[in-house]
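my_file-v2.json (JSON, C-alpha atoms)
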[["chain", "number", "residue", "atom", "x", "y", "z"],
["A", 1, "MET", "CA", 220.01, -163.60, 7.41],
["A", 2, "GLY", "CA", 221.38, -160.12, 8.02],
["A", 3, "PRO", "CA", 222.04, -159.27, 4.36],
["A", 4, "ILE", "CA", 218.60, -160.55, 3.37],
["A", 5, "ARG", "CA", 216.94, -158.47, 6.08],
["A", 6, "TYR", "CA", 218.96, -155.44, 5.00],
["A", 7, "GLY", "CA", 217.99, -155.87, 1.36],
["A", 8, "ARG", "CA", 214.35, -156.47, 2.23],
["A", 9, "ASP", "CA", 213.97, -153.74, 4.86],
["A", 10, "ARG", "CA", 216.29, -150.97, 3.69],
["A", 11, "LEU", "CA", 216.39, -151.48, -0.06],
["A", 12, "ALA", "CA", 212.88, -152.87, -0.57],
["A", 13, "VAL", "CA", 214.21, -155.94, -2.35],
["A", 14, "ASP", "CA", 211.65, -158.73, -2.37],
["A", 15, "ASN", "CA", 212.95, -162.23, -1.48],
["A", 16, "SER", "CA", 211.86, -163.38, -4.94],
["A", 17, "ARG", "CA", 214.69, -161.21, -6.32],
["A", 18, "ILE", "CA", 217.31, -162.73, -4.00],
["A", 19, "ALA", "CA", 219.47, -165.74, -4.84],
["A", 20, "LEU", "CA", 222.22, -167.18, -2.67],
["A", 21, "LEU", "CA", 225.60, -168.72, -3.45],
["A", 22, "SER", "CA", 226.80, -170.67, -0.40],
["A", 23, "ARG", "CA", 229.93, -172.78, -0.12],
["A", 24, "CYS", "CA", 230.92, -175.70, 2.11],
["A", 25, "LEU", "CA", 229.98, -175.00, 5.73],
["A", 26, "GLY", "CA", 228.25, -171.83, 4.50],
["A", 27, "ALA", "CA", 226.03, -174.08, 2.38],
["A", 28, "ASN", "CA", 225.37, -176.16, 5.49],
["A", 29, "SER", "CA", 224.48, -173.01, 7.44],
["A", 30, "THR", "CA", 222.16, -171.84, 4.67],
["A", 31, "ILE", "CA", 220.35, -175.18, 4.62],
["A", 32, "VAL", "CA", 219.96, -175.12, 8.41],
["A", 33, "ALA", "CA", 218.76, -171.49, 8.34],
["A", 34, "LEU", "CA", 216.21, -172.25, 5.60],
["A", 35, "SER", "CA", 214.86, -175.03, 7.83],
["A", 36, "LYS", "CA", 214.91, -173.22, 11.18],
["A", 37, "HIS", "CA", 213.82, -169.77, 9.98],
["A", 38, "PRO", "CA", 211.59, -170.25, 6.93],
["A", 39, "GLU", "CA", 209.85, -166.94, 7.64],
["A", 40, "GLU", "CA", 213.09, -165.12, 6.74],
["A", 41, "PHE", "CA", 213.52, -166.91, 3.44],
["A", 42, "GLY", "CA", 209.98, -167.24, 2.09],
["A", 43, "ASN", "CA", 209.85, -166.95, -1.70],
["A", 44, "LEU", "CA", 213.67, -166.93, -2.00],
["A", 45, "ALA", "CA", 214.45, -167.22, -5.71],
["A", 46, "ALA", "CA", 217.31, -169.73, -5.75],
["A", 47, "LEU", "CA", 220.25, -171.31, -3.98],
["A", 48, "VAL", "CA", 223.52, -172.64, -5.34],
["A", 49, "ALA", "CA", 225.08, -174.87, -2.67],
["A", 50, "VAL", "CA", 228.71, -175.66, -3.42],
["A", 51, "GLN", "CA", 229.97, -178.74, -1.60],
["A", 52, "PRO", "CA", 227.72, -179.01, 1.43],
["A", 53, "VAL", "CA", 229.02, -181.77, 3.69],
["A", 54, "SER", "CA", 228.00, -183.69, 6.76],
["A", 55, "LEU", "CA", 230.50, -183.30, 9.55],
["A", 56, "ARG", "CA", 230.43, -187.07, 10.11],
["A", 57, "ALA", "CA", 231.50, -187.83, 6.52],
["A", 58, "LEU", "CA", 234.24, -185.19, 6.69],
["A", 59, "ALA", "CA", 235.48, -186.42, 10.08],
["A", 60, "GLU", "CA", 235.36, -190.12, 9.21],
["A", 61, "THR", "CA", 237.40, -189.45, 6.08],
["A", 62, "ALA", "CA", 239.93, -187.28, 7.92],
["A", 63, "LEU", "CA", 240.23, -189.69, 10.86],
["A", 64, "ALA", "CA", 240.23, -192.94, 8.87],
["A", 65, "GLN", "CA", 243.80, -193.76, 9.92],
["A", 66, "VAL", "CA", 243.37, -192.77, 13.59],
["A", 67, "PRO", "CA", 242.29, -195.75, 15.71],
["A", 68, "GLY", "CA", 239.24, -194.70, 17.73],
["A", 69, "GLY", "CA", 239.47, -191.19, 16.30],
["A", 70, "ILE", "CA", 235.81, -190.77, 15.43],
["A", 71, "GLY", "CA", 234.75, -191.92, 18.91],
["A", 72, "LEU", "CA", 237.11, -189.42, 20.53],
["A", 73, "LEU", "CA", 235.79, -186.64, 18.31],
["A", 74, "GLU", "CA", 232.19, -187.52, 19.11],
["A", 75, "THR", "CA", 232.89, -187.51, 22.84],
["A", 76, "GLU", "CA", 234.78, -184.20, 22.81],
["A", 77, "LEU", "CA", 232.30, -182.52, 20.48],
["A", 78, "LYS", "CA", 229.40, -183.46, 22.74],
["A", 79, "HIS", "CA", 231.34, -182.33, 25.82],
["A", 80, "LEU", "CA", 232.39, -178.98, 24.31],
["A", 81, "THR", "CA", 229.27, -178.03, 22.37],
["A", 82, "GLY", "CA", 226.41, -180.21, 23.59],
["A", 83, "PHE", "CA", 225.82, -181.36, 20.00],
["A", 84, "ASP", "CA", 226.08, -184.86, 18.61],
["A", 85, "LEU", "CA", 228.09, -185.24, 15.42],
["A", 86, "ASP", "CA", 225.00, -186.00, 13.33],
["A", 87, "GLU", "CA", 223.15, -182.94, 14.63],
["A", 88, "LEU", "CA", 225.67, -180.84, 12.69],
["A", 89, "SER", "CA", 224.68, -182.33, 9.35],
["A", 90, "PRO", "CA", 222.61, -180.48, 6.75],
["A", 91, "LEU", "CA", 221.04, -183.85, 5.89],
["A", 92, "THR", "CA", 218.31, -183.63, 8.53],
["A", 93, "TYR", "CA", 217.49, -180.03, 7.63],
["A", 94, "ALA", "CA", 217.43, -180.47, 3.84],
["A", 95, "LYS", "CA", 213.92, -181.95, 4.08],
["A", 96, "ASP", "CA", 212.61, -178.44, 4.77],
["A", 97, "VAL", "CA", 214.37, -176.69, 1.86],
["A", 98, "THR", "CA", 211.85, -175.71, -0.80],
["A", 99, "THR", "CA", 214.04, -173.10, -2.53],
["A", 100, "PRO", "CA", 215.19, -174.13, -6.03],
["A", 101, "THR", "CA", 218.66, -175.54, -5.35],
["A", 102, "LEU", "CA", 221.66, -176.37, -7.51],
["A", 103, "VAL", "CA", 224.22, -178.50, -5.64],
["A", 104, "ALA", "CA", 227.76, -178.82, -6.99],
["A", 105, "GLN", "CA", 230.31, -181.27, -5.64],
["A", 106, "VAL", "CA", 233.66, -182.77, -6.58],
["A", 107, "ARG", "CA", 232.55, -186.38, -7.16],
["A", 108, "HIS", "CA", 235.79, -187.98, -5.94],
["A", 109, "ASP", "CA", 236.53, -185.40, -3.24],
["A", 110, "SER", "CA", 239.29, -186.86, -1.06],
["A", 111, "SER", "CA", 237.80, -185.12, 1.99],
["A", 112, "THR", "CA", 234.39, -186.77, 1.98],
["A", 113, "ARG", "CA", 232.19, -189.36, 0.27],
["A", 114, "PRO", "CA", 229.93, -188.84, -2.76],
["A", 115, "GLU", "CA", 227.04, -190.67, -1.09],
["A", 116, "ASP", "CA", 226.97, -188.02, 1.65],
["A", 117, "VAL", "CA", 226.31, -185.19, -0.81],
["A", 118, "GLN", "CA", 223.92, -187.41, -2.77],
["A", 119, "SER", "CA", 221.92, -187.96, 0.44],
["A", 120, "ILE", "CA", 221.79, -184.24, 1.20],
["A", 121, "TYR", "CA", 220.62, -183.61, -2.37],
["A", 122, "ASP", "CA", 218.04, -186.41, -2.26],
["A", 123, "ASN", "CA", 216.64, -185.00, 1.00],
["A", 124, "LEU", "CA", 216.01, -181.52, -0.43],
["A", 125, "ALA", "CA", 212.26, -180.91, -0.45],
["A", 126, "THR", "CA", 212.29, -178.71, -3.53],
["A", 127, "THR", "CA", 211.14, -180.20, -6.81],
["A", 128, "SER", "CA", 213.41, -177.76, -8.63],
["A", 129, "LYS", "CA", 216.86, -179.12, -7.92],
["A", 130, "LYS", "CA", 219.94, -180.28, -9.74],
["A", 131, "LEU", "CA", 223.13, -182.05, -8.67],
["A", 132, "HIS", "CA", 226.25, -181.26, -10.69],
["A", 133, "TRP", "CA", 229.21, -183.57, -10.20],
["A", 134, "ILE", "CA", 232.59, -181.96, -10.80],
["A", 135, "GLU", "CA", 234.80, -184.54, -12.46],
["A", 136, "GLY", "CA", 238.51, -184.99, -13.10],
["A", 137, "THR", "CA", 239.85, -184.08, -9.66],
["A", 138, "THR", "CA", 239.98, -185.31, -6.08],
["A", 139, "ARG", "CA", 240.85, -181.91, -4.62],
["A", 140, "ARG", "CA", 238.04, -180.29, -2.66],
["A", 141, "PHE", "CA", 239.44, -176.84, -3.39],
["A", 142, "ASP", "CA", 238.82, -177.37, -7.12],
["A", 143, "GLY", "CA", 235.12, -177.41, -6.29],
["A", 144, "TYR", "CA", 235.32, -173.95, -4.78],
["A", 145, "ASN", "CA", 236.93, -172.67, -7.97],
["A", 146, "TYR", "CA", 234.58, -174.48, -10.32],
["A", 147, "PHE", "CA", 231.96, -171.74, -10.81],
["A", 148, "PRO", "CA", 234.44, -168.87, -11.00],
["A", 149, "ASP", "CA", 236.13, -170.79, -13.82],
["A", 150, "ASN", "CA", 232.90, -172.19, -15.33],
["A", 151, "PRO", "CA", 230.09, -169.78, -14.42],
["A", 152, "GLU", "CA", 227.59, -170.69, -17.15],
["A", 153, "GLN", "CA", 225.58, -173.31, -15.24],
["A", 154, "MET", "CA", 225.37, -171.19, -12.10],
["A", 155, "LEU", "CA", 224.38, -168.09, -14.06],
["A", 156, "ASP", "CA", 221.76, -170.06, -15.99],
["A", 157, "TRP", "CA", 220.35, -171.36, -12.69],
["A", 158, "PHE", "CA", 220.10, -167.87, -11.26],
["A", 159, "THR", "CA", 218.71, -166.40, -14.48],
["A", 160, "THR", "CA", 216.05, -169.10, -14.74],
["A", 161, "HIS", "CA", 214.87, -168.67, -11.18],
["A", 162, "LEU", "CA", 215.16, -164.88, -10.97],
["A", 163, "SER", "CA", 213.06, -164.34, -14.09]]
What is this structure when it is put down as structure tokens?
Amino acid sequence: MGPIRYGRDRLAVDNSRIALLSRCLGANSTIVALSKHPEEFGNLAALVAVQPVSLRALAETALAQVPGGIGLLETELKHLTGFDLDELSPLTYAKDVTTPTLVAQVRHDSSTRPEDVQSIYDNLATTSKKLHWIEGTTRRFDGYNYFPDNPEQMLDWFTTHLS
């Protein structure tokens, strides 16, 4: 929120001229912030969310071969942070996101499940949204490099919503 406040307050940039590119847990944080602090983001032009992920999907995938691993994680997470695993998911907050949002995700990401990202996308409240599946890889990191290597769709999204 700091950069948006700075742009709005010091540079007189209206939110309608601001678009965000958020990746992974940064995309999660952006979705949560849009839900919890809508007054900061009113009239935001657009969001590109690259590979948002629910912590549960990520943890279940990572701990699939560890007997009782997810239960241990849930117990320790609650003990250390006071949060349940599902409270750290953008899924529950996506219902409040009205900003035009492009979501990009490696479809066969070995670190998570496609249905998790599909659920986050489906929950977005905006009517202006698009889900782009990145094909031909299972490596999550390829998703982070997708738009730097193929910027056209992202630039078109920003151009359309900043005009």
Compile the contact shell of segment 85-92 of chain A as a PDB file with C-alpha atoms, keeping the file's coordinate frame: residues with an atom at most 9 Å away, counting all atoms listed in the file, same-chain residues fewer than 4 positions apart removed.
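For reference, result25.pdb as written:
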ATOM      1  CA  ALA A  27     226.030-174.080   2.380  1.00  0.00           C
ATOM      2  CA  ASN A  28     225.370-176.160   5.490  1.00  0.00           C
ATOM      3  CA  SER A  29     224.480-173.010   7.440  1.00  0.00           C
ATOM      4  CA  THR A  30     222.160-171.840   4.670  1.00  0.00           C
ATOM      5  CA  ILE A  31     220.350-175.180   4.620  1.00  0.00           C
ATOM      6  CA  VAL A  32     219.960-175.120   8.410  1.00  0.00           C
ATOM      7  CA  PRO A  52     227.720-179.010   1.430  1.00  0.00           C
ATOM      8  CA  VAL A  53     229.020-181.770   3.690  1.00  0.00           C
ATOM      9  CA  SER A  54     228.000-183.690   6.760  1.00  0.00           C
ATOM     10  CA  LEU A  55     230.500-183.300   9.550  1.00  0.00           C
ATOM     11  CA  ARG A  56     230.430-187.070  10.110  1.00  0.00           C
ATOM     12  CA  LEU A  73     235.790-186.640  18.310  1.00  0.00           C
ATOM     13  CA  GLU A  74     232.190-187.520  19.110  1.00  0.00           C
ATOM     14  CA  LEU A  77     232.300-182.520  20.480  1.00  0.00           C
ATOM     15  CA  LYS A  78     229.400-183.460  22.740  1.00  0.00           C
ATOM     16  CA  ASP A  96     212.610-178.440   4.770  1.00  0.00           C
ATOM     17  CA  ASP A 116     226.970-188.020   1.650  1.00  0.00           C
ATOM     18  CA  VAL A 117     226.310-185.190  -0.810  1.00  0.00           C
ATOM     19  CA  SER A 119     221.920-187.960   0.440  1.00  0.00           C
ATOM     20  CA  ILE A 120     221.790-184.240   1.200  1.00  0.00           C
ATOM     21  CA  TYR A 121     220.620-183.610  -2.370  1.00  0.00           C
ATOM     22  CA  ASN A 123     216.640-185.000   1.000  1.00  0.00           C
ATOM     23  CA  LEU A 124     216.010-181.520  -0.430  1.00  0.00           C
TER      24      LEU A 124
END
Shell of 9 Å around Met1 of chain A, only C-alpha atoms, local chain residues under 4 positions omitted, as a ChimeraX atom specification
/A:5-6,30,33,40-41
When distances are computed from all atoms listed in the file, which of A:Lys95, A:Arg140, A:Arg8, A:His132 shows the smallest separation from Ser111 of chain A?
A:Arg140
Residue with the minimum atom-to-atom distance to Leu20 of chain A, picked from A:Trp157, A:His37, A:Gln105, A:Gly143 with only C-alpha atoms counted, is A:Trp157
Ranking A:Val66, A:Leu21, A:Ile4, A:Ala125 by minimum distance to Tyr93 of chain A and counting only C-alpha atoms, which one comes first?
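Closest residue, counting only C-alpha atoms: A:Ala125.
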Kindly compute an axis-aligned box around the listed atoms of segment 46-49 of chain A, allowing 5 Å on each side, and express its centre and edge lengths in Å to one decimal as AutoDock Vina command-line options.
--center_x 221.2 --center_y -172.3 --center_z -4.2 --size_x 17.8 --size_y 15.1 --size_z 13.1
